[in-house]
Amino acid sequence: MQKHSFTIAMIASMAVLTALAQFGFINQYIQSVIMLMGVNIILSASLNLVNGYMGEFSCGHGGFMCVGAYASSVMTVLLFSKNQILGAPLLPESMALFAFPLALAVGAAVASVAGLIVAVPSFKTRGDYLAIITLAANYMVISAIDNLEIIGGPRGFMGMNATVNAMNSVVNIPWMLIWVILGTIFSVWILRRFVSSTLGKGVPAICQDEIAAEIMSVDTNRMKLIAFMLSSGLAGLAGGLFAHILGYVNPHSFDIMKSTEVMVMVYLGGMGSLSGATLSAVLFTLLLEVLRPLEIWKWVVIPLLLILLMQFRPEGLMGNKELSDLFPKLRKYYSFK
Amino acid sequence: MSLLEVKGLTRRFGGLIAVNDFNIELGEHELVALIGPNGAGKTTVFNLVSGFYQPSEGSISFKGKDTKGLRPHQVTGLGVARTFQGIRLWGEMNVLDNIRVAQHYTLGYSLLDCFLRTKNYLLREKAIDTIAWELLEAMDMKDCAYELPRNLSYGLQRRVEIARAMSLKPSLLLLDEPAAGLNSADVEGLIKLVRWIYDTFPVTIWMIEHQMKVVMSLCSRIKVVDFGTTIADGTPHEIQTNPTVIKAYLGDDTI
């Protein structure tokens, strides 16, 4: 029971959410909030690997999300929709269900390769200097896409809805909701497996004492490569999902504002805690929606809340503890491996 | 064949010659000390041998293999483990994890194994766990396995650091001032521990130490350096009566 309870709970909640959406109990708006929540969970959990576990200050996460969003969008538009430049659809609609996760995977892979822009300098540089490099990487990505007319440049890129429609034409259920939930579970699960292994514990070892890590046989360059590439790859996955939820992407939705938003979620949740990252992503998304009636004042209230949080609980909601560390009794009911 | 062969080792930092033409040959299963006044370049020698610095001149060969150009973790992988003058444990990881992470070189599984939790992964993690627990048990530290290092006493932290180095199953163990900052009871414990490690494992121990009690009661051979150069090399008795050594430590008697 304890061994499988988590899996069962996840499958059950996914089934319930899908059913609710399918039979119209939750409207389009709530669905999109849930999907954004999923995307935010992936983003904050993946950034937590670098900013929390590895102790580097990466502030260009939006850039990798952007790479993933564009790479997977170009894939799906190429395959399933009619585009002036990329031509007629290459595959019949019936293939969409298999091709879509593949496109997401391609987006993630391209984004993790883009992660090299940051990973390679990180061998020699750290701290503030590396933070500047990550910032530069974000700008590089945005301006590269801004200048690529073939994918719309600053006007943005669209046509992803054709793929979503194609999936619906096979079986008419809320596919994007399902993919987002699957993607979120996959991301948190893969990160959890990584950081709980002896291999993955090399990452906090770098954070706590890099020299000791190197002398004690941890290949620090390899660990940094893995951490940055895994982190940016998952950001790319989040980007791919985000692009297909909205059906439209614009390079400027992934600029420094987006990166800051993700960073806020990481520090809100607690560095080096996956449950913290998940929790804070959920709370942050909800907060943004709840405070929507305040309009522009929202951006006064939220930063103010952040300042207060940092004053009274600087380690974030969870510190570097997981939920099962804070409430050991929970271990009886679930194990997440 | 000797275990470690250092020939003409020189390291310059700008105009400062920290180590000058240093030579040593260590065989299998020896207990050797490196002593000398403060700033004599002892730790620099250790940093060079463990691959943390690259030599300006000279060569270091370990088990017949030249370590030039190797990164520190690769040198460690060859079988050189060390401890640090100031304790450098990973503070936010419990003692058990500290010892586990030090086995990175012999992990024996890939990233994919880690994601998929393959049979190989489970087997290897179990083996890593076993080594860690065996070591903790043998060193009588089972009780503090789940403690964070910063909650332990200084003496215990030293023991954890030595345990961490031993988990690498080294053939050469470098101890950089293991007795620094310990009280006299802890020093006795340390002497016993080093003696026990030497008797139990097939390891050569090379230590830097200022406390003569430790050096004299443990080591069969002592090498003395001053200003980067070797000034004496011999048995504890020879060193105690060597006039150059006395001069280096106590100064010239002619005023």
# chains A, B, ... in the order shown; residues from 1 in each chain; ligands from 1

$ select_by_dssp --residues "segment 86-231 of chain B" --states "alpha helix (DSSP H)" --output "JSON, numbers by chain"
{"B": [95, 96, 97, 98, 99, 100, 101, 111, 112, 113, 114, 115, 116, 119, 120, 121, 122, 123, 124, 125, 126, 127, 128, 129, 130, 131, 132, 133, 134, 135, 136, 137, 138, 154, 155, 156, 157, 158, 159, 160, 161, 162, 163, 164, 165, 166, 184, 185, 186, 187, 188, 189, 190, 191, 192, 193, 194, 195, 196, 197, 198, 199, 200, 212, 213, 214, 215, 216, 217, 218]}

$ closest_atom_pairs --of "chain B" --to "chain A" --cutoff "9 Å" --atoms "only C-alpha atoms" --output "tab-separated table"
residue	atom	partner	partner_atom	distance
B:Ser50	CA	A:Ile215	CA	7.3
B:Gly51	CA	A:Ile215	CA	8.2
B:Phe52	CA	A:Ile215	CA	7.5
B:Arg71	CA	A:Glu214	CA	8.3
B:Pro72	CA	A:Ile215	CA	5.4
B:His73	CA	A:Ser217	CA	4.0
B:Gln74	CA	A:Ser217	CA	6.8
B:Val75	CA	A:Ser217	CA	8.1
B:Thr76	CA	A:Ser217	CA	5.6
B:Gly77	CA	A:Ser217	CA	6.2
B:Ala81	CA	A:Met216	CA	7.1
B:Arg82	CA	A:Ile215	CA	7.7
B:Thr83	CA	A:Ala212	CA	8.9
B:Phe84	CA	A:Ala212	CA	8.5
B:Arg88	CA	A:Ala212	CA	6.2
B:Leu89	CA	A:Ala212	CA	7.3
B:Trp90	CA	A:Gln208	CA	5.5
B:Gly91	CA	A:Gln208	CA	6.6
B:Glu92	CA	A:Gln208	CA	7.2
B:Met93	CA	A:Ala205	CA	8.1
B:Asp97	CA	A:Thr198	CA	7.8
B:Asn98	CA	A:Ala205	CA	8.5
B:Arg100	CA	A:Thr198	CA	6.5
B:Val101	CA	A:Thr198	CA	5.7
B:Ala102	CA	A:Met216	CA	5.2
B:Gln103	CA	A:Ser217	CA	7.0
B:His104	CA	A:Val218	CA	5.4
B:Tyr105	CA	A:Ser217	CA	5.4
B:Thr106	CA	A:Ser217	CA	8.8
B:Leu107	CA	A:Leu199	CA	7.3
B:Tyr109	CA	A:Leu199	CA	8.6
B:Ser110	CA	A:Leu199	CA	8.6
B:Leu111	CA	A:Leu199	CA	7.8
B:Cys114	CA	A:Phe194	CA	6.5
B:Phe115	CA	A:Arg193	CA	5.9
B:Leu116	CA	A:Arg193	CA	8.5
B:Arg117	CA	A:Arg193	CA	8.1
B:Glu125	CA	A:Thr198	CA	7.3
B:Ile128	CA	A:Thr198	CA	8.6
B:Arg164	CA	A:Met216	CA	8.3
B:Ala165	CA	A:Met216	CA	7.3
B:Leu168	CA	A:Met216	CA	8.1

$ atom_distance --atom1 "atom CA of Leu175 of chain B" --atom2 "atom CA of Ile208 of chain B"
6.2 Å

$ atom_distance --atom1 "atom CA of Met10 of chain A" --atom2 "atom CA of Leu287 of chain A"
23.6 Å

$ residues_around --residues "Gln85 of chain B" --least-positions-apart "2" --cutoff "7 Å" --atoms "only C-alpha atoms" --output "list in words"
Thr83, Ile87, Asp176 and Glu177 of chain B

$ residues_around --residues "His210 of chain B" --least-positions-apart "4" --cutoff "9 Å" --atoms "only C-alpha atoms" --output "number ranges by chain"
B: 35-37, 177, 179-180, 214-215

$ write_last_selection --atoms "all heavy atoms" --output "PDB file, in the first residue's frame"
ATOM      1  N   ILE B  35      57.113  16.692   8.231  1.00  0.00           N
ATOM      2  CA  ILE B  35      57.009  17.771   9.217  1.00  0.00           C
ATOM      3  C   ILE B  35      57.841  18.960   8.764  1.00  0.00           C
ATOM      4  O   ILE B  35      58.618  18.875   7.812  1.00  0.00           O
ATOM      5  CB  ILE B  35      57.449  17.315  10.635  1.00  0.00           C
ATOM      6  CG1 ILE B  35      58.929  16.923  10.638  1.00  0.00           C
ATOM      7  CG2 ILE B  35      56.598  16.171  11.131  1.00  0.00           C
ATOM      8  CD1 ILE B  35      59.482  16.700  12.036  1.00  0.00           C
ATOM      9  N   GLY B  36      57.662  20.045   9.456  1.00  0.00           N
ATOM     10  CA  GLY B  36      58.397  21.263   9.115  1.00  0.00           C
ATOM     11  C   GLY B  36      57.687  22.444   9.727  1.00  0.00           C
ATOM     12  O   GLY B  36      56.512  22.359  10.074  1.00  0.00           O
ATOM     13  N   PRO B  37      58.408  23.556   9.893  1.00  0.00           N
ATOM     14  CA  PRO B  37      57.797  24.747  10.497  1.00  0.00           C
ATOM     15  C   PRO B  37      56.638  25.266   9.639  1.00  0.00           C
ATOM     16  O   PRO B  37      56.488  24.868   8.485  1.00  0.00           O
ATOM     17  CB  PRO B  37      58.938  25.761  10.521  1.00  0.00           C
ATOM     18  CG  PRO B  37      60.176  24.993  10.282  1.00  0.00           C
ATOM     19  CD  PRO B  37      59.816  23.775   9.537  1.00  0.00           C
ATOM     20  N   GLU B 177      47.537  17.326   8.931  1.00  0.00           N
ATOM     21  CA  GLU B 177      47.386  17.730  10.336  1.00  0.00           C
ATOM     22  C   GLU B 177      46.143  17.148  10.996  1.00  0.00           C
ATOM     23  O   GLU B 177      45.250  17.895  11.408  1.00  0.00           O
ATOM     24  CB  GLU B 177      47.381  19.258  10.446  1.00  0.00           C
ATOM     25  CG  GLU B 177      48.717  19.841  10.062  1.00  0.00           C
ATOM     26  CD  GLU B 177      48.895  21.243  10.609  1.00  0.00           C
ATOM     27  OE1 GLU B 177      48.328  21.530  11.668  1.00  0.00           O
ATOM     28  OE2 GLU B 177      49.620  22.033   9.978  1.00  0.00           O
ATOM     29  N   ALA B 179      45.722  15.955  13.867  1.00  0.00           N
ATOM     30  CA  ALA B 179      45.555  16.230  15.293  1.00  0.00           C
ATOM     31  C   ALA B 179      45.332  17.707  15.602  1.00  0.00           C
ATOM     32  O   ALA B 179      45.157  18.069  16.760  1.00  0.00           O
ATOM     33  CB  ALA B 179      46.765  15.717  16.068  1.00  0.00           C
ATOM     34  N   ALA B 180      45.317  18.548  14.553  1.00  0.00           N
ATOM     35  CA  ALA B 180      45.161  19.980  14.802  1.00  0.00           C
ATOM     36  C   ALA B 180      43.826  20.264  15.481  1.00  0.00           C
ATOM     37  O   ALA B 180      42.784  19.798  15.047  1.00  0.00           O
ATOM     38  CB  ALA B 180      45.260  20.750  13.493  1.00  0.00           C
ATOM     39  N   VAL B 214      52.290  12.543  18.247  1.00  0.00           N
ATOM     40  CA  VAL B 214      51.613  11.748  17.224  1.00  0.00           C
ATOM     41  C   VAL B 214      52.638  11.175  16.257  1.00  0.00           C
ATOM     42  O   VAL B 214      52.661   9.979  15.966  1.00  0.00           O
ATOM     43  CB  VAL B 214      50.584  12.616  16.456  1.00  0.00           C
ATOM     44  CG1 VAL B 214      49.902  11.804  15.382  1.00  0.00           C
ATOM     45  CG2 VAL B 214      49.581  13.222  17.406  1.00  0.00           C
ATOM     46  N   VAL B 215      53.508  12.047  15.769  1.00  0.00           N
ATOM     47  CA  VAL B 215      54.483  11.633  14.763  1.00  0.00           C
ATOM     48  C   VAL B 215      55.398  10.541  15.313  1.00  0.00           C
ATOM     49  O   VAL B 215      55.590   9.499  14.703  1.00  0.00           O
ATOM     50  CB  VAL B 215      55.315  12.854  14.321  1.00  0.00           C
ATOM     51  CG1 VAL B 215      56.438  12.419  13.388  1.00  0.00           C
ATOM     52  CG2 VAL B 215      54.431  13.886  13.651  1.00  0.00           C
TER      53      VAL B 215
END

$ residues_around --residues "segment 4-19 of chain B" --least-positions-apart "5" --cutoff "8 Å" --atoms "only C-alpha atoms" --output "PyMOL selection string"
chain B and resi 24-27+40-41+44-45+54-64+227-229

$ atom_distance --atom1 "atom CA of Gly62 of chain A" --atom2 "atom CA of Pro293 of chain A"
26.2 Å

$ select_by_dssp --residues "segment 39-249 of chain A" --states "strand (DSSP E or B)" --output "number ranges by chain"
A: 83, 87, 157-158, 248-249

$ decode --residues "segment 201-246 of chain B" --atoms "C-alpha atoms" --output "JSON list (two decimals), in the first residue's frame"
[["chain", "number", "residue", "atom", "x", "y", "z"],
["B", 201, "PHE", "CA", 43.89, -1.90, 5.61],
["B", 202, "PRO", "CA", 46.64, -2.36, 3.02],
["B", 203, "VAL", "CA", 47.28, 1.36, 2.92],
["B", 204, "THR", "CA", 50.27, 3.66, 2.99],
["B", 205, "ILE", "CA", 49.67, 6.60, 5.31],
["B", 206, "TRP", "CA", 51.50, 9.86, 4.80],
["B", 207, "MET", "CA", 50.75, 12.55, 7.34],
["B", 208, "ILE", "CA", 51.59, 16.14, 7.99],
["B", 209, "GLU", "CA", 51.62, 16.75, 11.72],
["B", 210, "HIS", "CA", 52.92, 19.28, 14.18],
["B", 211, "GLN", "CA", 52.33, 17.30, 17.36],
["B", 212, "MET", "CA", 55.51, 15.33, 17.87],
["B", 213, "LYS", "CA", 53.73, 12.89, 20.14],
["B", 214, "VAL", "CA", 51.61, 11.75, 17.22],
["B", 215, "VAL", "CA", 54.48, 11.63, 14.76],
["B", 216, "MET", "CA", 56.93, 9.86, 17.08],
["B", 217, "SER", "CA", 54.47, 7.21, 18.24],
["B", 218, "LEU", "CA", 53.18, 6.36, 14.77],
["B", 219, "CYS", "CA", 55.69, 6.91, 12.03],
["B", 220, "SER", "CA", 58.65, 4.81, 11.06],
["B", 221, "ARG", "CA", 60.04, 7.45, 8.75],
["B", 222, "ILE", "CA", 60.01, 11.22, 8.93],
["B", 223, "LYS", "CA", 60.81, 13.78, 6.29],
["B", 224, "VAL", "CA", 61.49, 17.37, 7.34],
["B", 225, "VAL", "CA", 61.02, 20.33, 5.02],
["B", 226, "ASP", "CA", 61.74, 24.00, 5.47],
["B", 227, "PHE", "CA", 61.25, 26.79, 2.93],
["B", 228, "GLY", "CA", 60.17, 24.24, 0.35],
["B", 229, "THR", "CA", 63.36, 22.18, 0.59],
["B", 230, "THR", "CA", 64.00, 18.87, 2.28],
["B", 231, "ILE", "CA", 66.37, 19.30, 5.20],
["B", 232, "ALA", "CA", 66.28, 15.85, 6.74],
["B", 233, "ASP", "CA", 64.94, 12.36, 6.17],
["B", 234, "GLY", "CA", 65.20, 9.44, 8.54],
["B", 235, "THR", "CA", 63.86, 7.48, 11.50],
["B", 236, "PRO", "CA", 62.26, 9.37, 14.41],
["B", 237, "HIS", "CA", 65.43, 8.93, 16.46],
["B", 238, "GLU", "CA", 67.67, 10.33, 13.72],
["B", 239, "ILE", "CA", 65.40, 13.30, 13.25],
["B", 240, "GLN", "CA", 65.26, 14.12, 16.97],
["B", 241, "THR", "CA", 69.02, 14.43, 17.10],
["B", 242, "ASN", "CA", 69.54, 16.08, 13.70],
["B", 243, "PRO", "CA", 71.13, 19.53, 14.22],
["B", 244, "THR", "CA", 69.62, 21.05, 11.03],
["B", 245, "VAL", "CA", 66.13, 20.11, 12.18],
["B", 246, "ILE", "CA", 66.69, 21.57, 15.61]]
